[in-house]
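Next up, target-v8.txt (compact mmCIF, C-alpha atoms):
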```txt
# COMPACT_ATOMS: atom_id res chain seq x y z
CA MET A 1 -85.09 -16.48 52.12
CA GLY A 2 -81.50 -17.48 52.78
CA VAL A 3 -79.72 -18.39 55.97
CA HIS A 4 -79.40 -14.75 56.98
CA GLY A 5 -82.88 -13.75 55.93
CA LEU A 6 -81.89 -12.17 52.61
CA SER A 7 -84.00 -12.69 49.52
CA GLU A 8 -82.49 -12.09 46.09
CA ARG A 9 -83.91 -8.58 46.21
CA GLY A 10 -82.60 -8.12 49.75
CA PHE A 11 -79.16 -9.29 48.69
CA GLY A 12 -79.11 -6.72 45.90
CA LYS A 13 -80.10 -3.97 48.30
CA SER A 14 -77.42 -5.04 50.78
CA ALA A 15 -74.79 -5.09 48.04
CA ARG A 16 -75.74 -1.54 47.00
CA LEU A 17 -75.46 -0.36 50.60
CA ILE A 18 -72.03 -1.92 50.99
CA ILE A 19 -70.72 -0.56 47.69
CA ALA A 20 -72.07 2.93 48.28
CA ALA A 21 -70.78 3.20 51.84
CA SER A 22 -67.42 1.57 51.15
CA LEU A 23 -66.46 3.28 47.89
CA GLY A 24 -65.41 6.54 49.52
CA ASN A 25 -63.34 4.74 52.14
CA ALA A 26 -61.73 2.68 49.38
CA LEU A 27 -60.93 5.83 47.38
CA GLU A 28 -59.44 7.46 50.46
CA PHE A 29 -57.18 4.51 51.18
CA TYR A 30 -56.30 4.04 47.52
CA GLU A 31 -55.05 7.62 47.30
CA ILE A 32 -53.10 7.23 50.56
CA LEU A 33 -51.43 4.08 49.26
CA VAL A 34 -50.55 5.65 45.91
CA TYR A 35 -48.96 8.63 47.65
CA GLY A 36 -47.05 6.32 50.00
CA TYR A 37 -45.87 3.94 47.29
CA PHE A 38 -44.68 6.74 45.02
CA ALA A 39 -43.19 8.77 47.87
CA LEU A 40 -39.67 8.58 46.44
CA THR A 41 -40.85 9.81 43.03
CA ILE A 42 -43.14 12.50 44.47
CA SER A 43 -40.26 13.78 46.62
CA LYS A 44 -38.24 14.43 43.46
CA VAL A 45 -41.15 16.07 41.59
CA PHE A 46 -42.44 18.38 44.32
CA PHE A 47 -39.81 18.50 47.09
CA PRO A 48 -36.37 18.41 45.42
CA ASN A 49 -33.41 18.61 47.79
CA ASN A 50 -29.70 17.87 47.56
CA ASP A 51 -30.08 15.33 50.37
CA PRO A 52 -32.43 12.49 49.28
CA ALA A 53 -33.11 11.55 52.91
CA VAL A 54 -34.34 15.07 53.71
CA SER A 55 -36.46 15.13 50.55
CA LEU A 56 -38.12 11.83 51.50
CA LEU A 57 -38.73 12.94 55.08
CA VAL A 58 -40.44 16.13 53.84
CA THR A 59 -42.62 14.06 51.51
CA LEU A 60 -43.58 11.67 54.30
CA GLY A 61 -44.22 14.65 56.56
CA THR A 62 -46.61 16.03 53.94
CA PHE A 63 -48.23 12.60 53.82
CA GLY A 64 -48.87 12.97 57.54
CA ALA A 65 -49.94 16.63 57.22
CA SER A 66 -53.23 15.59 55.63
CA PHE A 67 -54.05 13.85 58.88
CA LEU A 68 -53.82 17.17 60.72
CA ALA A 69 -56.97 18.26 58.85
CA ARG A 70 -58.81 15.10 59.82
CA PRO A 71 -59.92 16.22 63.31
CA VAL A 72 -61.23 19.46 61.77
CA GLY A 73 -63.14 17.46 59.18
CA ALA A 74 -64.36 15.15 61.93
CA ILE A 75 -65.80 18.06 63.88
CA PHE A 76 -67.54 19.55 60.86
CA LEU A 77 -68.62 16.43 58.97
CA GLY A 78 -69.28 14.40 62.12
CA ALA A 79 -71.65 17.02 63.48
CA TYR A 80 -73.12 17.41 59.98
CA GLY A 81 -73.88 13.68 59.87
CA ASP A 82 -75.58 13.74 63.29
CA ARG A 83 -77.59 16.88 62.52
CA VAL A 84 -78.69 16.47 58.88
CA GLY A 85 -78.09 12.80 58.15
CA ARG A 86 -75.54 10.15 57.29
CA LYS A 87 -76.37 10.23 53.58
CA ARG A 88 -75.70 13.94 53.12
CA ALA A 89 -72.42 13.71 55.03
CA LEU A 90 -71.30 10.83 52.80
CA THR A 91 -72.17 12.78 49.65
CA LEU A 92 -70.25 15.87 50.75
CA SER A 93 -67.16 13.94 51.86
CA ILE A 94 -66.68 12.08 48.57
CA ALA A 95 -67.15 15.28 46.55
CA LEU A 96 -64.36 17.01 48.51
CA MET A 97 -62.17 13.92 48.33
CA THR A 98 -62.46 13.80 44.53
CA ALA A 99 -61.52 17.48 44.25
CA GLY A 100 -58.31 16.89 46.23
CA THR A 101 -57.37 13.91 44.07
CA ALA A 102 -57.94 16.01 40.93
CA VAL A 103 -55.46 18.63 42.17
CA MET A 104 -52.80 15.95 42.76
CA THR A 105 -53.41 14.49 39.31
CA LEU A 106 -53.22 17.69 37.28
CA MET A 107 -50.75 19.86 39.18
CA PRO A 108 -47.36 20.73 37.56
CA GLY A 109 -44.14 19.90 39.41
CA PHE A 110 -41.54 22.07 41.14
CA ALA A 111 -39.52 22.44 37.94
CA THR A 112 -42.51 24.12 36.26
CA ILE A 113 -44.15 26.32 38.90
CA GLY A 114 -41.50 26.45 41.63
CA ILE A 115 -42.47 26.84 45.29
CA LEU A 116 -46.16 26.88 44.35
CA ALA A 117 -45.96 23.13 43.63
CA PRO A 118 -45.25 21.93 47.20
CA ILE A 119 -47.74 24.48 48.56
CA LEU A 120 -50.49 23.08 46.33
CA VAL A 121 -49.55 19.51 47.29
CA ILE A 122 -49.99 20.41 50.95
CA LEU A 123 -53.33 22.13 50.25
CA ALA A 124 -54.58 19.14 48.27
CA ARG A 125 -53.56 16.80 51.08
CA LEU A 126 -55.29 19.02 53.64
CA LEU A 127 -58.52 19.04 51.58
CA GLN A 128 -58.42 15.26 51.32
CA GLY A 129 -57.74 14.96 55.03
CA PHE A 130 -60.69 17.23 55.82
CA SER A 131 -63.03 15.18 53.61
CA VAL A 132 -61.85 11.90 55.10
CA GLY A 133 -62.54 13.30 58.57
CA GLY A 134 -66.19 12.30 58.34
CA GLU A 135 -66.01 9.47 55.81
CA PHE A 136 -65.34 6.45 58.00
CA ALA A 137 -67.77 7.43 60.75
CA SER A 138 -70.61 8.34 58.38
CA ALA A 139 -70.15 5.22 56.26
CA THR A 140 -69.86 2.85 59.22
CA SER A 141 -72.89 4.38 60.96
CA PHE A 142 -74.79 4.14 57.68
CA LEU A 143 -74.06 0.42 57.35
CA VAL A 144 -74.60 -0.50 61.00
CA GLU A 145 -77.89 1.39 61.24
CA HIS A 146 -79.23 -0.20 58.06
CA ARG A 147 -78.30 -3.70 59.25
CA PRO A 148 -77.92 -3.78 63.05
CA ASP A 149 -78.57 -7.54 62.99
CA ARG A 150 -75.29 -8.07 61.10
CA ALA A 151 -73.34 -5.02 62.22
CA GLY A 152 -69.98 -6.78 62.36
CA PHE A 153 -70.21 -8.15 58.83
CA PHE A 154 -71.52 -4.96 57.21
CA ALA A 155 -69.11 -2.64 59.04
CA SER A 156 -66.17 -4.90 58.17
CA TRP A 157 -66.51 -3.95 54.51
CA GLN A 158 -64.91 -0.61 55.33
CA TRP A 159 -61.61 -2.50 55.66
CA ALA A 160 -62.32 -5.10 53.01
CA SER A 161 -62.70 -2.20 50.58
CA GLN A 162 -59.34 -0.88 51.78
CA GLY A 163 -57.83 -4.24 50.92
CA LEU A 164 -59.31 -4.11 47.42
CA ALA A 165 -58.01 -0.56 47.04
CA GLY A 166 -54.62 -1.89 48.11
CA VAL A 167 -54.68 -4.56 45.41
CA ILE A 168 -55.45 -1.95 42.74
CA ALA A 169 -53.00 0.68 44.03
CA THR A 170 -50.19 -1.82 44.48
CA GLY A 171 -50.96 -3.36 41.11
CA PHE A 172 -50.51 0.06 39.54
CA ALA A 173 -47.23 0.52 41.41
CA LEU A 174 -45.93 -2.88 40.32
CA LEU A 175 -46.98 -2.39 36.70
CA LEU A 176 -45.59 1.13 36.36
CA THR A 177 -42.27 0.43 38.06
CA ALA A 178 -41.83 -2.67 35.88
CA THR A 179 -42.66 -1.06 32.54
CA LEU A 180 -41.47 2.56 32.85
CA SER A 181 -38.00 3.97 33.24
CA ALA A 182 -37.16 6.13 36.25
CA ASP A 183 -37.35 9.25 34.07
CA GLU A 184 -40.75 8.27 32.61
CA LEU A 185 -42.08 7.48 36.07
CA GLN A 186 -40.95 10.83 37.41
CA SER A 187 -42.12 12.77 34.35
CA TRP A 188 -45.68 11.44 33.99
CA GLY A 189 -46.06 7.80 35.07
CA TRP A 190 -46.83 8.51 38.73
CA ARG A 191 -49.91 10.54 37.68
CA ILE A 192 -51.70 7.53 36.15
CA PRO A 193 -52.92 5.96 39.42
CA PHE A 194 -54.03 9.37 40.70
CA ALA A 195 -56.02 9.89 37.48
CA PHE A 196 -57.75 6.55 38.02
CA GLY A 197 -58.79 7.65 41.52
CA MET A 198 -60.08 10.95 40.16
CA LEU A 199 -62.40 9.04 37.79
CA VAL A 200 -63.79 6.78 40.54
CA GLY A 201 -65.01 9.68 42.68
CA PRO A 202 -67.93 10.78 40.48
CA VAL A 203 -69.23 7.19 40.40
CA GLY A 204 -69.36 7.08 44.19
CA LEU A 205 -71.00 10.50 44.29
CA TYR A 206 -73.75 9.37 41.90
CA ILE A 207 -74.47 6.18 43.85
CA ARG A 208 -74.62 7.92 47.22
CA ARG A 209 -77.06 10.56 46.03
CA HIS A 210 -79.60 7.80 45.27
CA LEU A 211 -79.51 6.07 48.66
CA ALA A 212 -82.10 6.22 51.45
CA GLU A 213 -81.28 7.65 54.87
CA THR A 214 -80.89 5.16 57.73
CA PRO A 215 -84.00 4.13 59.72
CA VAL A 216 -82.26 5.06 62.97
CA PHE A 217 -81.64 8.66 61.92
CA ARG A 218 -85.15 9.04 60.46
CA GLY A 219 -86.67 7.76 63.69
CA GLU A 220 -84.99 10.06 66.20
CA THR A 221 -84.58 13.75 66.95
CA ALA A 222 -81.34 15.04 65.45
CA ALA A 223 -78.66 16.16 67.91
CA ARG A 224 -78.32 19.94 68.22
CA THR A 225 -74.82 20.06 69.74
CA PRO A 226 -73.22 16.67 69.00
CA VAL A 227 -69.62 17.84 69.37
CA ARG A 228 -70.28 19.31 72.81
CA ASP A 229 -72.26 16.23 73.82
CA VAL A 230 -69.34 13.98 72.95
CA VAL A 231 -66.50 16.08 74.32
CA VAL A 232 -68.25 17.08 77.57
CA GLY A 233 -70.75 14.31 78.27
CA GLN A 234 -69.03 11.31 76.67
CA TRP A 235 -65.33 12.13 77.14
CA ASP A 236 -64.59 8.73 78.68
CA ARG A 237 -66.07 6.95 75.68
CA LEU A 238 -64.10 9.24 73.37
CA LEU A 239 -60.74 8.60 75.06
CA LEU A 240 -61.17 4.84 75.17
CA ALA A 241 -62.32 4.78 71.54
CA ILE A 242 -59.22 6.77 70.51
CA GLY A 243 -57.04 4.27 72.33
CA ALA A 244 -58.78 1.30 70.76
CA ILE A 245 -58.29 2.73 67.27
CA VAL A 246 -54.54 3.25 67.65
CA ILE A 247 -53.23 -0.18 66.59
CA SER A 248 -55.57 -0.40 63.60
CA ASN A 249 -54.14 2.83 62.23
CA SER A 250 -50.50 2.31 63.18
CA ALA A 251 -50.53 -1.16 61.60
CA GLN A 252 -52.32 0.03 58.46
CA TYR A 253 -49.90 2.82 57.74
CA MET A 254 -46.91 0.74 58.71
CA LEU A 255 -48.03 -1.58 55.91
CA VAL A 256 -48.07 1.45 53.61
CA TYR A 257 -44.51 2.24 54.66
CA LEU A 258 -43.09 -1.29 54.45
CA PRO A 259 -42.43 -1.30 50.66
CA THR A 260 -40.45 1.95 51.04
CA TYR A 261 -38.74 0.46 54.11
CA ALA A 262 -37.77 -2.68 52.22
CA ILE A 263 -36.43 -0.70 49.27
CA ARG A 264 -34.58 2.04 51.16
CA GLU A 265 -33.40 0.35 54.38
CA LEU A 266 -32.95 -3.26 53.24
CA GLY A 267 -31.97 -2.68 49.62
CA MET A 268 -34.64 -5.00 48.25
CA PRO A 269 -35.83 -4.70 44.63
CA THR A 270 -38.83 -2.44 44.04
CA LYS A 271 -40.76 -5.14 42.18
CA VAL A 272 -40.38 -7.62 45.03
CA SER A 273 -41.65 -5.12 47.60
CA PHE A 274 -44.77 -4.23 45.62
CA LEU A 275 -45.53 -7.87 44.76
CA ALA A 276 -45.53 -8.71 48.47
CA ALA A 277 -47.83 -5.74 49.14
CA VAL A 278 -50.32 -6.95 46.48
CA LEU A 279 -50.52 -10.34 48.16
CA ALA A 280 -51.04 -8.76 51.60
CA ALA A 281 -53.83 -6.53 50.28
CA ALA A 282 -55.55 -9.52 48.67
CA VAL A 283 -55.41 -11.37 52.00
CA GLN A 284 -57.09 -8.42 53.73
CA THR A 285 -59.83 -8.19 51.09
CA CYS A 286 -60.77 -11.86 51.47
CA LEU A 287 -60.24 -12.27 55.21
CA VAL A 288 -61.95 -9.19 56.67
CA PRO A 289 -65.60 -10.02 55.73
CA LEU A 290 -65.19 -13.54 57.12
CA VAL A 291 -63.90 -12.18 60.42
CA GLY A 292 -66.68 -9.59 60.46
CA MET A 293 -69.23 -12.35 60.04
CA TRP A 294 -67.57 -14.33 62.85
CA SER A 295 -67.57 -11.28 65.13
CA ASP A 296 -71.38 -11.17 64.96
CA LYS A 297 -71.37 -14.62 66.57
CA VAL A 298 -68.60 -14.40 69.18
CA GLY A 299 -68.46 -10.65 69.87
CA GLN A 300 -66.10 -7.98 68.61
CA SER A 301 -64.11 -7.44 71.82
CA ARG A 302 -62.74 -10.97 72.03
CA ILE A 303 -61.35 -10.84 68.52
CA MET A 304 -59.77 -7.41 69.05
CA ILE A 305 -58.13 -8.44 72.32
CA GLY A 306 -56.60 -11.54 70.76
CA ALA A 307 -55.27 -9.68 67.71
CA ALA A 308 -53.80 -6.82 69.79
CA ALA A 309 -52.03 -9.27 72.12
CA LEU A 310 -50.46 -11.05 69.15
CA PHE A 311 -49.27 -7.71 67.76
CA VAL A 312 -47.46 -7.02 71.04
CA VAL A 313 -45.53 -10.29 71.08
CA THR A 314 -44.80 -10.72 67.35
CA ALA A 315 -43.95 -7.22 66.03
CA TYR A 316 -40.25 -7.46 66.87
CA PRO A 317 -39.74 -11.04 65.55
CA ALA A 318 -41.43 -10.08 62.26
CA PHE A 319 -39.11 -7.11 61.64
CA TYR A 320 -36.08 -9.08 62.88
CA LEU A 321 -36.68 -11.87 60.37
CA LEU A 322 -37.34 -9.32 57.62
CA ALA A 323 -34.10 -7.42 58.26
CA ALA A 324 -32.08 -10.63 58.64
CA GLY A 325 -33.48 -12.41 55.59
CA ARG A 326 -33.87 -9.62 53.04
CA VAL A 327 -35.50 -12.07 50.63
CA MET A 328 -38.89 -12.09 48.96
CA SER A 329 -40.31 -15.00 50.94
CA VAL A 330 -39.52 -13.35 54.29
CA LEU A 331 -40.93 -9.99 53.15
CA ILE A 332 -44.15 -11.69 52.06
CA LEU A 333 -44.35 -13.59 55.34
CA ALA A 334 -43.89 -10.41 57.41
CA LEU A 335 -46.39 -8.39 55.37
CA VAL A 336 -49.01 -11.14 55.37
CA TRP A 337 -48.64 -11.76 59.11
CA ILE A 338 -49.12 -8.08 59.98
CA THR A 339 -52.02 -7.97 57.51
CA ILE A 340 -53.73 -10.97 59.13
CA LEU A 341 -53.53 -9.45 62.61
CA LYS A 342 -54.62 -6.07 61.30
CA SER A 343 -57.54 -7.69 59.43
CA PHE A 344 -58.79 -9.54 62.51
CA TYR A 345 -58.61 -6.43 64.68
CA SER A 346 -60.11 -3.99 62.19
CA ALA A 347 -62.85 -6.33 60.97
CA ALA A 348 -64.38 -6.17 64.44
CA LEU A 349 -63.50 -2.52 65.15
CA GLY A 350 -66.23 -0.76 63.13
CA ALA A 351 -69.20 -2.42 64.82
CA TRP A 352 -67.41 -2.17 68.18
CA LEU A 353 -67.00 1.60 67.82
CA ALA A 354 -70.63 2.00 66.76
CA GLY A 355 -71.58 0.33 70.04
CA VAL A 356 -69.43 2.69 72.11
CA PHE A 357 -71.47 5.79 71.20
CA PRO A 358 -75.26 6.30 71.32
CA SER A 359 -76.95 6.81 67.96
CA PHE A 360 -77.60 10.56 68.38
CA THR A 361 -73.84 11.28 68.63
CA ARG A 362 -72.55 8.21 66.82
CA VAL A 363 -71.08 9.90 63.74
CA THR A 364 -69.44 12.67 65.75
CA GLY A 365 -68.03 10.30 68.37
CA MET A 366 -66.68 7.86 65.82
CA ALA A 367 -65.33 10.63 63.59
CA LEU A 368 -63.47 12.37 66.41
CA SER A 369 -62.03 9.19 67.91
CA TYR A 370 -61.05 7.63 64.59
CA ASN A 371 -59.40 10.75 63.19
CA ILE A 372 -57.62 11.83 66.36
CA GLY A 373 -56.18 8.32 66.60
CA ALA A 374 -55.35 8.27 62.90
CA THR A 375 -53.68 11.68 63.05
CA ILE A 376 -51.44 11.03 66.04
CA PHE A 377 -50.61 7.37 65.58
CA GLY A 378 -51.50 6.42 61.98
CA GLY A 379 -50.75 8.98 59.30
CA LEU A 380 -47.48 9.96 60.90
CA ALA A 381 -46.41 6.32 61.39
CA PRO A 382 -44.21 6.28 58.24
CA PHE A 383 -42.62 9.55 59.36
CA TYR A 384 -42.08 8.18 62.89
CA ALA A 385 -40.59 4.96 61.49
CA ALA A 386 -38.19 6.74 59.11
CA SER A 387 -37.19 9.24 61.81
CA LEU A 388 -36.61 6.53 64.44
CA ILE A 389 -34.36 4.62 62.05
CA GLN A 390 -32.37 7.73 61.18
CA LEU A 391 -32.02 8.85 64.82
CA SER A 392 -31.18 5.47 66.32
CA GLY A 393 -29.53 3.71 63.41
CA ASP A 394 -31.63 0.67 64.30
CA LYS A 395 -33.49 -0.82 61.35
CA LEU A 396 -35.82 -2.65 63.77
CA ALA A 397 -37.08 0.59 65.37
CA PRO A 398 -40.50 0.44 63.58
CA SER A 399 -41.32 -2.79 65.44
CA TYR A 400 -41.07 -1.04 68.83
CA TYR A 401 -43.59 1.54 67.70
CA LEU A 402 -45.96 -1.16 66.46
CA ALA A 403 -45.76 -3.14 69.72
CA LEU A 404 -46.30 -0.09 71.95
CA THR A 405 -49.37 1.09 70.02
CA ALA A 406 -50.79 -2.45 70.21
CA LEU A 407 -50.29 -2.49 73.97
CA LEU A 408 -52.15 0.83 74.31
CA SER A 409 -55.10 -0.45 72.26
CA LEU A 410 -55.21 -3.73 74.16
CA GLY A 411 -55.61 -1.92 77.48
CA CYS A 412 -58.32 0.42 76.13
CA VAL A 413 -60.40 -2.39 74.60
CA ILE A 414 -60.32 -4.39 77.85
CA TRP A 415 -61.26 -1.32 79.90
CA ALA A 416 -64.05 -0.19 77.55
CA ARG A 417 -65.49 -3.70 77.33
CA SER A 418 -65.84 -3.83 81.10
CA ARG A 419 -67.04 -0.22 81.54
CA PHE A 420 -69.65 -0.12 78.76
CA LYS A 421 -70.61 -3.83 78.60
CA LEU A 422 -69.59 -4.18 74.96
CA ALA A 423 -69.85 -7.43 73.03
```

Final structure tokens representation of the file:
Amino acid sequence: MGVHGLSERGFGKSARLIIAASLGNALEFYEILVYGYFALTISKVFFPNNDPAVSLLVTLGTFGASFLARPVGAIFLGAYGDRVGRKRALTLSIALMTAGTAVMTLMPGFATIGILAPILVILARLLQGFSVGGEFASATSFLVEHRPDRAGFFASWQWASQGLAGVIATGFALLLTATLSADELQSWGWRIPFAFGMLVGPVGLYIRRHLAETPVFRGETAARTPVRDVVVGQWDRLLLAIGAIVISNSAQYMLVYLPTYAIRELGMPTKVSFLAAVLAAAVQTCLVPLVGMWSDKVGQSRIMIGAAALFVVTAYPAFYLLAAGRVMSVLILALVWITILKSFYSAALGAWLAGVFPSFTRVTGMALSYNIGATIFGGLAPFYAASLIQLSGDKLAPSYYLALTALLSLGCVIWARSRFKLA
């Protein structure tokens, strides 16, 4: 037995749990990144307009539209996970997610099928948003309930997998933009990363179908009305959880937007922007599990409070230096710094959220809070940032949004820690 009580067989079982539970979350984030990184190209393929700024805003708005389906998916898939099991909810969510990615991969552009193209893009994004609505909560509950003794470490892999997805997605973006012409990229090149995501889905579906249900769910009576229980009986937990989630989502999707920001607002080369994003994603992949492990020793709340406070005081300086320098080293520094803070906060967040809600409503509570927060403050963050810049003319406007969302989360974590005696 090792230091953490894992035999070789136990290690293999733990690895399978992590891979199975994290693969869907990784696929979700991979697809989000690909859409965000190729937003300029997608805007020309599906949303052509004489004004490039309007075309990009519509594309980013569609990016955010998928998040409108998340609360609906959270209600359905969250309750499904609390009533029939975490495993079945995970299996359903990844099947729906793969279907949405397939539509994006295979669908003709506006030049071929006209107005039907943007309509199908929106429908595909809504289907993906619905499926993602229960993914994070089901997967995190699945991991925490299988290994409550190391909840922080196991739950942190939800974000470590996002980092790995970021490395792959950004690698695709860097490779394709470096090797293909603008016409080739617009004609067919942008479909390659979506096709890769479409092929990953069936692998995750197969793995999840061969997993065991969690001991916690098997050992208790399933909730009959989990949505009502959360909204009526646990509304205070729900509101504070939503608030705590805000900075994790706003920071994550601001990172998605930063390459577009650097290219469009600062005039930086495309290759430089994506190279910086690859490095930031690699930092998240490596750092998050270490912080998750540490959170099991010192408590999740302390780490989240420290990271949120640093977001508040450093968001403006990071964007100021980025806008003033407009060089690769400064872009990398800004991206990596935001990634480090985001990694510390999010690595502790999964286990912290699982502790906010009792087990019989855990999936529903986490699904609703995570997806309401993601919809309002996360998925629309690129749209907010682009709109704020256009309305104010201030290229530093995204930093104000980042600092305010961090302040909101900081207050909610402190309040929830005191009210519910969280670690």

Could you name the residues that touch A:Val216 at 12 Å or less, counting only C-alpha atoms, but leaving out those on the same chain fewer than 5 positions away, as a ChimeraX atom specification?
-> /A:82,85-86,141-148,221-222,358-362

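For the residues A:Thr214, A:Thr225, A:Ser156, A:Ser295, ranking by smallest atom-to-atom distance to A:Ala347 using all atoms listed in the file places A:Ser156 first.
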
Given the choices A:Val58, A:Ala324, A:Ile338, A:Leu240, which gets closest to A:Trp415 if the distance is worked out from all atoms listed in the file?
->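 Checking each of A:Val58, A:Ala324, A:Ile338, A:Leu240 against A:Trp415, counting all atoms listed in the file, the winner is A:Leu240.
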
Identify, on the basis of all atoms listed in the file, every residue whose closest approach to A:Leu238 does not exceed 9 Å; exclude the query and any residue fewer than 5 positions from it along the same chain; express the result as number ranges by chain.
-> A: 230-231, 243, 356-357, 365-366, 368-369

Of the listed residues A:Gln252, A:Ser66, A:Ser273, A:Gln234, that which approaches A:Leu331 most closely, counting all atoms listed in the file |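 Of all the options, A:Ser273 lies closest to A:Leu331.
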
Of the candidates A:Val203, A:Ala386, A:Ala308, A:Met97, which one gets nearest to A:Ile19 if we count all atoms listed in the file?
->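 Looking at the shortest contact to A:Ile19, the residue is A:Val203.
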
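Comparing the minimum interatomic distances between A:Ala173 and each of A:Pro193, A:Gly152, A:Gly133, A:Gly355, counting only C-alpha atoms, we find that A:Pro193 sits nearest.
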
Just want the 9 Å neighbourhood of A:Ala280, counted on all atoms listed in the file, with same-chain residues fewer than 5 positions away dropped. Output as a PDB file with C-alpha atoms, keeping the file's coordinate frame.
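That gives us part.pdb:
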```
ATOM      1  CA  GLY A 163     -57.830  -4.240  50.920  1.00  0.00           C
ATOM      2  CA  GLY A 166     -54.620  -1.890  48.110  1.00  0.00           C
ATOM      3  CA  VAL A 167     -54.680  -4.560  45.410  1.00  0.00           C
ATOM      4  CA  LEU A 255     -48.030  -1.580  55.910  1.00  0.00           C
ATOM      5  CA  LEU A 275     -45.530  -7.870  44.760  1.00  0.00           C
ATOM      6  CA  THR A 285     -59.830  -8.190  51.090  1.00  0.00           C
ATOM      7  CA  ILE A 332     -44.150 -11.690  52.060  1.00  0.00           C
ATOM      8  CA  LEU A 335     -46.390  -8.390  55.370  1.00  0.00           C
ATOM      9  CA  VAL A 336     -49.010 -11.140  55.370  1.00  0.00           C
ATOM     10  CA  TRP A 337     -48.640 -11.760  59.110  1.00  0.00           C
ATOM     11  CA  ILE A 338     -49.120  -8.080  59.980  1.00  0.00           C
ATOM     12  CA  THR A 339     -52.020  -7.970  57.510  1.00  0.00           C
ATOM     13  CA  ILE A 340     -53.730 -10.970  59.130  1.00  0.00           C
TER      14      ILE A 340
END
```
